[in-house]
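What follows is a single structure, written as structure tokens, with notes after it.
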Amino acid sequence: MISVHGLTKSYGGRIAVDDLTFDVQPGTVTGFLGPNGSGKSTTMRLLLGLAAPDAGTALIAGVPYRSLRWPLRTVGAVLDARAFQPGRSGRGHLLALAAAGGLPRQRVEEVLTQVGLAGGELGDAAGRQAGGYSLGMAQRLSLAAALLGDPAVLLLDEPLNGLDPAGVHWMRSLIKAQAAQGRTVLVSSHLISEMALTAGPLIVIGGGRLLAGTTVAELTARGRGSLENGFLALTGAADYPAAFPGAVPAPSPDHAPAPAPAPAPGSERNSR
Amino acid sequence: MNDGYTFGHVARMEWIRLRSLRAVRWTLGGGLAATIAIGVVAGLNTRNAAGDPTSNVLAGVVLGQLITGVLGVLAMTGEFSSGMARVTFAAVPRRGLVLAAKAAVWGAVFLAAGEVTVLASFFLGTGVLRAGVPRPSLATPDVLRAVLMTGAYLALTGLLGLAVGALIRHGAAAVATVVGGLFVAPLIIGGVDRSLGPVLPELIAGNSLAAVQPVSGFSWSPWLELAIVAAYPAAALAAGGWLLARRDV
């Protein structure tokens, strides 16, 4: 459903995404992992046609995003939890989007109920100005916008940010359920433990390049039983876990070339 | 159903968005009420029996153009300051269509609000003219034209603001550009060379569109002058749409 090939994007000489190639299949949650600044969000924006690539292609259902006839009914995306105008109600935000997608008003109430912004513990939070929402509520509103068109593809960038433990549990179940219904779900995160609970296939990037197209099980095995160790070894922090458990080196902004263990561009699996 | 989204879908989105922001109603209503108030004061202060009272009571557009101009800017830059632009352009990847829909929806609202404002300015402002100053009516030659063109001017400055917002995307910088372009440029350019008055929107508004009696230096027909004013937002919208489609968000 998602097919990225040779995708490259630089900003002012700094390479953000470097010859990235991967596919994402339906029916399972695919984790999109990488250190801060590794190019996850840029890749998401390239997939959504929000940024234009310098080279390569990003296809959804076989076509570039900008060619989709009903984008909202094909792809649902959460890039930034607070991507709405603060003076408008959550319901108003969704009603406007529903109009753009040619969707009935009823659909707005359905997703508001689904994410708990209407008819639940939060009361009718959807009727209040969204600027007053907590980060967790904002995250729910953004998810509602993504689900509005009942899309076959979901792109979620750090969807757990700002959620309380119950919210995290709820979001995790929802993401898994969406994939189980046959949707293509790409979830970016820097939370390794969360990926272990949610994802099957993993796409690991560093410095904008593909480090591995692997799975949670495979990377865990490589980390001798720890997904985190497997990830740290892959992203070039192999020496850190022993001395400083859990430490991830801060990526420098001009860290354009991939770290030492990076495979040749385009290789699907990191060789051992 | 399967043909994909159209201008109509996008325009409906923008119409819902416009109506669901309370700040828009208050700013537009408050600003245009002040515009009318200026017209009433101008009517009270009109003493010259041989002057142009219609033009005088429309003096509030000096403020009104700022209200619509700034609201036009914010209609566009609000997308970028909130990050909503990414949601909008993911929903509608044909970005030119978004700008066109905003121009249609906001332009229609600005035009309606502008005409109501100038009609109210005219009736209230001429209603308080002192004895001895001849009171114009809409049936007086050129008066209806002057009033309606001035309302249209308010809509055009609003569209200019929208276009500048699309070009500059940053609210404060875009507002400064619109205010500078409407207010400061005429002071400087018009001050250096008075013959350029007939191509500067703010000077056109006061000296041609709103004028019933001819003003020296403005010999072109008000219709030509209105077309010159309209050329500014038209060109800026074309450039804004072109740039919007090509820049990353």
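Every chain in the structure tokens has a letter given in the order shown (A, B, ...), and although residue numbers restart at 1 in each chain, ligands are simply numbered from 1 in the order shown.
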Within 7 Å of chain A, which residues of chain B show up? Give each one with its shortest atom-to-atom distance in Å (one decimal) and the two atoms involved, counting only C-alpha atoms, rows by chain then rising residue number, as a Markdown table.
| residue | atom | partner | partner_atom | distance |
| --- | --- | --- | --- | --- |
| B:Asp3 | CA | A:Arg69 | CA | 6.8 |
| B:Gly4 | CA | A:Arg69 | CA | 4.3 |
| B:Tyr5 | CA | A:Trp70 | CA | 6.2 |
| B:His9 | CA | A:Ala100 | CA | 4.7 |
| B:Val10 | CA | A:Ala100 | CA | 5.0 |
| B:Arg12 | CA | A:Ala99 | CA | 5.9 |
| B:Met13 | CA | A:Ala96 | CA | 4.3 |
| B:Glu14 | CA | A:Ala96 | CA | 7.0 |
| B:Ile16 | CA | A:Ala96 | CA | 5.4 |
| B:Arg17 | CA | A:Ala96 | CA | 6.0 |
| B:Ser20 | CA | A:Arg88 | CA | 5.9 |
| B:Leu21 | CA | A:Arg88 | CA | 5.5 |
| B:Ser82 | CA | A:Gln85 | CA | 5.6 |
| B:Gly83 | CA | A:Ala83 | CA | 4.6 |
| B:Met84 | CA | A:Ala83 | CA | 4.3 |
| B:Arg86 | CA | A:Leu50 | CA | 6.8 |
| B:Val87 | CA | A:Ala83 | CA | 6.8 |
| B:Phe89 | CA | A:Leu50 | CA | 6.9 |
| B:Ala90 | CA | A:Leu48 | CA | 6.1 |
| B:Ala91 | CA | A:Leu72 | CA | 5.5 |
| B:Pro93 | CA | A:Arg66 | CA | 5.3 |
| B:Asp248 | CA | A:Ala51 | CA | 4.3 |
| B:Val249 | CA | A:Leu50 | CA | 5.5 |
Could you write those residues out with C-alpha atoms, as a CSV table (one decimal), in the first residue's frame?
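Below is the file that was written, selection-v1.csv:
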chain,number,residue,atom,x,y,z
B,3,ASP,CA,-14.8,11.9,-9.4
B,4,GLY,CA,-12.9,13.3,-6.5
B,5,TYR,CA,-13.1,16.6,-4.6
B,9,HIS,CA,-16.1,20.8,-1.5
B,10,VAL,CA,-13.2,23.1,-0.6
B,12,ARG,CA,-17.8,24.5,1.8
B,13,MET,CA,-14.8,23.7,4.1
B,14,GLU,CA,-13.7,27.3,4.1
B,16,ILE,CA,-17.6,26.3,7.8
B,17,ARG,CA,-14.2,27.4,9.0
B,20,SER,CA,-16.9,28.7,13.3
B,21,LEU,CA,-14.4,31.3,14.4
B,82,SER,CA,-1.4,26.8,13.9
B,83,GLY,CA,0.1,24.1,11.8
B,84,MET,CA,-3.3,23.5,10.3
B,86,ARG,CA,-0.6,20.5,6.9
B,87,VAL,CA,-4.1,19.1,7.7
B,89,PHE,CA,-3.1,20.5,2.3
B,90,ALA,CA,-3.2,16.8,3.1
B,91,ALA,CA,-7.0,17.0,2.7
B,93,PRO,CA,-3.4,18.5,-2.2
B,248,ASP,CA,7.0,22.7,1.3
B,249,VAL,CA,4.7,22.9,4.4
Do a neighbour search on Phe7 in chain B at 9 Å with only C-alpha atoms, toss out local chain neighbours closer than 6 positions, and write the hits as JSON, numbers by chain.
{"B": [97, 98, 100, 101]}
Would you write out those residues with N, CA and C atoms, as an mmCIF file, in the first residue's frame?
data_model
loop_
_atom_site.group_PDB
_atom_site.id
_atom_site.type_symbol
_atom_site.label_atom_id
_atom_site.label_comp_id
_atom_site.auth_asym_id
_atom_site.auth_seq_id
_atom_site.Cartn_x
_atom_site.Cartn_y
_atom_site.Cartn_z
ATOM 1 N N LEU B 97 -6.477 25.346 -5.283
ATOM 2 C CA LEU B 97 -7.917 25.250 -5.045
ATOM 3 C C LEU B 97 -8.266 25.787 -3.656
ATOM 4 N N VAL B 98 -7.386 25.557 -2.700
ATOM 5 C CA VAL B 98 -7.622 26.077 -1.344
ATOM 6 C C VAL B 98 -7.616 27.601 -1.369
ATOM 7 N N ALA B 100 -8.150 29.549 -3.952
ATOM 8 C CA ALA B 100 -9.308 30.009 -4.730
ATOM 9 C C ALA B 100 -10.576 29.955 -3.879
ATOM 10 N N ALA B 101 -10.729 28.870 -3.093
ATOM 11 C CA ALA B 101 -11.919 28.739 -2.257
ATOM 12 C C ALA B 101 -11.924 29.794 -1.154
#
Please produce, as a tab-separated table, a per-residue contact table for range 117-196 of chain B versus range 29-40 of chain B (criterion: any atom at most 9 Å away, only C-alpha atoms considered), showing the nearest atom pair and its distance in Å to one decimal, sorted by chain then residue number.
residue	atom	partner	partner_atom	distance
B:Thr117	CA	B:Leu32	CA	6.2
B:Val118	CA	B:Ile36	CA	7.3
B:Ala120	CA	B:Ile36	CA	6.6
B:Ser121	CA	B:Ile36	CA	4.7
B:Phe122	CA	B:Gly39	CA	7.5
B:Phe123	CA	B:Val40	CA	9.0
B:Leu124	CA	B:Val40	CA	6.0
B:Gly125	CA	B:Val40	CA	4.1
B:Thr126	CA	B:Val40	CA	7.7
B:Gly127	CA	B:Val40	CA	8.4
B:Val128	CA	B:Val40	CA	7.1
B:Leu129	CA	B:Val40	CA	8.8
Could you save those same residues with all heavy atoms as a PDB file, in the first residue's frame?
ATOM      1  N   THR B 117     -21.534  48.237   5.201  1.00  0.00           N
ATOM      2  CA  THR B 117     -20.820  49.301   5.908  1.00  0.00           C
ATOM      3  C   THR B 117     -20.925  50.639   5.186  1.00  0.00           C
ATOM      4  O   THR B 117     -21.219  51.671   5.805  1.00  0.00           O
ATOM      5  CB  THR B 117     -19.332  48.912   6.058  1.00  0.00           C
ATOM      6  OG1 THR B 117     -19.246  47.684   6.755  1.00  0.00           O
ATOM      7  CG2 THR B 117     -18.566  49.979   6.816  1.00  0.00           C
ATOM      8  N   VAL B 118     -20.703  50.623   3.881  1.00  0.00           N
ATOM      9  CA  VAL B 118     -20.736  51.908   3.168  1.00  0.00           C
ATOM     10  C   VAL B 118     -22.165  52.442   3.056  1.00  0.00           C
ATOM     11  O   VAL B 118     -22.377  53.663   3.123  1.00  0.00           O
ATOM     12  CB  VAL B 118     -20.078  51.824   1.770  1.00  0.00           C
ATOM     13  CG1 VAL B 118     -18.577  51.639   1.905  1.00  0.00           C
ATOM     14  CG2 VAL B 118     -20.683  50.710   0.926  1.00  0.00           C
ATOM     15  N   ALA B 120     -24.503  51.958   5.312  1.00  0.00           N
ATOM     16  CA  ALA B 120     -24.788  52.504   6.643  1.00  0.00           C
ATOM     17  C   ALA B 120     -24.055  53.828   6.837  1.00  0.00           C
ATOM     18  O   ALA B 120     -24.622  54.795   7.376  1.00  0.00           O
ATOM     19  CB  ALA B 120     -24.375  51.506   7.725  1.00  0.00           C
ATOM     20  N   SER B 121     -22.810  53.902   6.390  1.00  0.00           N
ATOM     21  CA  SER B 121     -22.046  55.157   6.488  1.00  0.00           C
ATOM     22  C   SER B 121     -22.770  56.267   5.733  1.00  0.00           C
ATOM     23  O   SER B 121     -22.880  57.401   6.224  1.00  0.00           O
ATOM     24  CB  SER B 121     -20.651  54.995   5.883  1.00  0.00           C
ATOM     25  OG  SER B 121     -19.906  54.052   6.586  1.00  0.00           O
ATOM     26  N   PHE B 122     -23.256  55.920   4.549  1.00  0.00           N
ATOM     27  CA  PHE B 122     -23.904  56.935   3.723  1.00  0.00           C
ATOM     28  C   PHE B 122     -25.184  57.451   4.389  1.00  0.00           C
ATOM     29  O   PHE B 122     -25.364  58.658   4.548  1.00  0.00           O
ATOM     30  CB  PHE B 122     -24.213  56.368   2.336  1.00  0.00           C
ATOM     31  CG  PHE B 122     -24.958  57.328   1.456  1.00  0.00           C
ATOM     32  CD1 PHE B 122     -24.283  58.366   0.819  1.00  0.00           C
ATOM     33  CD2 PHE B 122     -26.325  57.215   1.284  1.00  0.00           C
ATOM     34  CE1 PHE B 122     -24.974  59.272   0.026  1.00  0.00           C
ATOM     35  CE2 PHE B 122     -27.021  58.124   0.490  1.00  0.00           C
ATOM     36  CZ  PHE B 122     -26.348  59.145  -0.137  1.00  0.00           C
ATOM     37  N   PHE B 123     -26.037  56.504   4.799  1.00  0.00           N
ATOM     38  CA  PHE B 123     -27.326  56.949   5.349  1.00  0.00           C
ATOM     39  C   PHE B 123     -27.154  57.663   6.684  1.00  0.00           C
ATOM     40  O   PHE B 123     -27.739  58.718   6.918  1.00  0.00           O
ATOM     41  CB  PHE B 123     -28.291  55.763   5.494  1.00  0.00           C
ATOM     42  CG  PHE B 123     -28.794  55.259   4.169  1.00  0.00           C
ATOM     43  CD1 PHE B 123     -28.528  53.970   3.736  1.00  0.00           C
ATOM     44  CD2 PHE B 123     -29.536  56.101   3.339  1.00  0.00           C
ATOM     45  CE1 PHE B 123     -28.984  53.519   2.512  1.00  0.00           C
ATOM     46  CE2 PHE B 123     -30.004  55.659   2.106  1.00  0.00           C
ATOM     47  CZ  PHE B 123     -29.721  54.368   1.687  1.00  0.00           C
ATOM     48  N   LEU B 124     -26.328  57.129   7.550  1.00  0.00           N
ATOM     49  CA  LEU B 124     -26.135  57.764   8.858  1.00  0.00           C
ATOM     50  C   LEU B 124     -25.341  59.053   8.711  1.00  0.00           C
ATOM     51  O   LEU B 124     -25.641  60.064   9.343  1.00  0.00           O
ATOM     52  CB  LEU B 124     -25.428  56.799   9.817  1.00  0.00           C
ATOM     53  CG  LEU B 124     -26.222  55.541  10.168  1.00  0.00           C
ATOM     54  CD1 LEU B 124     -25.383  54.581  11.010  1.00  0.00           C
ATOM     55  CD2 LEU B 124     -27.503  55.912  10.920  1.00  0.00           C
ATOM     56  N   GLY B 125     -24.303  59.017   7.878  1.00  0.00           N
ATOM     57  CA  GLY B 125     -23.432  60.185   7.707  1.00  0.00           C
ATOM     58  C   GLY B 125     -24.158  61.343   7.050  1.00  0.00           C
ATOM     59  O   GLY B 125     -24.021  62.499   7.470  1.00  0.00           O
ATOM     60  N   THR B 126     -24.956  61.062   6.004  1.00  0.00           N
ATOM     61  CA  THR B 126     -25.685  62.154   5.357  1.00  0.00           C
ATOM     62  C   THR B 126     -26.888  62.581   6.203  1.00  0.00           C
ATOM     63  O   THR B 126     -27.364  63.709   6.082  1.00  0.00           O
ATOM     64  CB  THR B 126     -26.179  61.752   3.949  1.00  0.00           C
ATOM     65  OG1 THR B 126     -26.965  60.565   4.064  1.00  0.00           O
ATOM     66  CG2 THR B 126     -24.995  61.504   3.014  1.00  0.00           C
ATOM     67  N   GLY B 127     -27.335  61.685   7.078  1.00  0.00           N
ATOM     68  CA  GLY B 127     -28.477  62.020   7.949  1.00  0.00           C
ATOM     69  C   GLY B 127     -28.127  63.088   8.965  1.00  0.00           C
ATOM     70  O   GLY B 127     -29.028  63.793   9.462  1.00  0.00           O
ATOM     71  N   VAL B 128     -26.858  63.232   9.288  1.00  0.00           N
ATOM     72  CA  VAL B 128     -26.466  64.214  10.314  1.00  0.00           C
ATOM     73  C   VAL B 128     -25.831  65.463   9.692  1.00  0.00           C
ATOM     74  O   VAL B 128     -25.267  66.296  10.396  1.00  0.00           O
ATOM     75  CB  VAL B 128     -25.476  63.598  11.340  1.00  0.00           C
ATOM     76  CG1 VAL B 128     -26.137  62.451  12.083  1.00  0.00           C
ATOM     77  CG2 VAL B 128     -24.194  63.131  10.653  1.00  0.00           C
ATOM     78  N   LEU B 129     -25.906  65.575   8.346  1.00  0.00           N
ATOM     79  CA  LEU B 129     -25.356  66.784   7.707  1.00  0.00           C
ATOM     80  C   LEU B 129     -26.078  68.025   8.229  1.00  0.00           C
ATOM     81  O   LEU B 129     -27.288  68.008   8.416  1.00  0.00           O
ATOM     82  CB  LEU B 129     -25.526  66.693   6.183  1.00  0.00           C
ATOM     83  CG  LEU B 129     -24.611  65.722   5.438  1.00  0.00           C
ATOM     84  CD1 LEU B 129     -25.021  65.635   3.964  1.00  0.00           C
ATOM     85  CD2 LEU B 129     -23.158  66.151   5.552  1.00  0.00           C
TER      86      LEU B 129
END
Between A:Ile60, A:Leu202, A:Leu234, A:Ala196, which one has atoms that come closest to Phe32 in chain A, using only C-alpha atoms?
A:Leu202
Counting only C-alpha atoms, figure out which residue out of A:Gly162, A:Gly62, A:Gly39, A:Gly56 gets nearest to Asp19 in chain A.
A:Gly56
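Going from CA of Leu203 in chain B to CA of Ile189 in chain B covers 10.8 Å.
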Can you list, as a PyMOL selection string, every protein, DNA or RNA residue that comes within 9 Å of range 179-182 of chain A when you count only C-alpha atoms, leaving out same-chain residues fewer than 6 positions away?
chain A and resi 26-29+152+154
Export of prior selection with N, CA and C atoms as a CSV table (one decimal), in the first residue's frame:
chain,number,residue,atom,x,y,z
A,26,PRO,N,-0.3,-4.0,4.2
A,26,PRO,CA,-1.6,-3.9,5.0
A,26,PRO,C,-1.7,-5.0,6.0
A,27,GLY,N,-2.6,-4.8,7.0
A,27,GLY,CA,-3.0,-5.9,7.9
A,27,GLY,C,-2.1,-6.0,9.1
A,28,THR,N,-1.1,-5.1,9.2
A,28,THR,CA,-0.3,-5.2,10.4
A,28,THR,C,0.2,-3.8,10.7
A,29,VAL,N,0.6,-3.6,12.0
A,29,VAL,CA,1.2,-2.3,12.4
A,29,VAL,C,2.7,-2.3,12.1
A,152,ALA,N,-7.9,3.6,4.2
A,152,ALA,CA,-7.3,2.3,4.2
A,152,ALA,C,-5.8,2.4,4.7
A,154,LEU,N,-3.1,4.5,7.4
A,154,LEU,CA,-3.0,5.5,8.5
A,154,LEU,C,-1.5,5.8,8.7
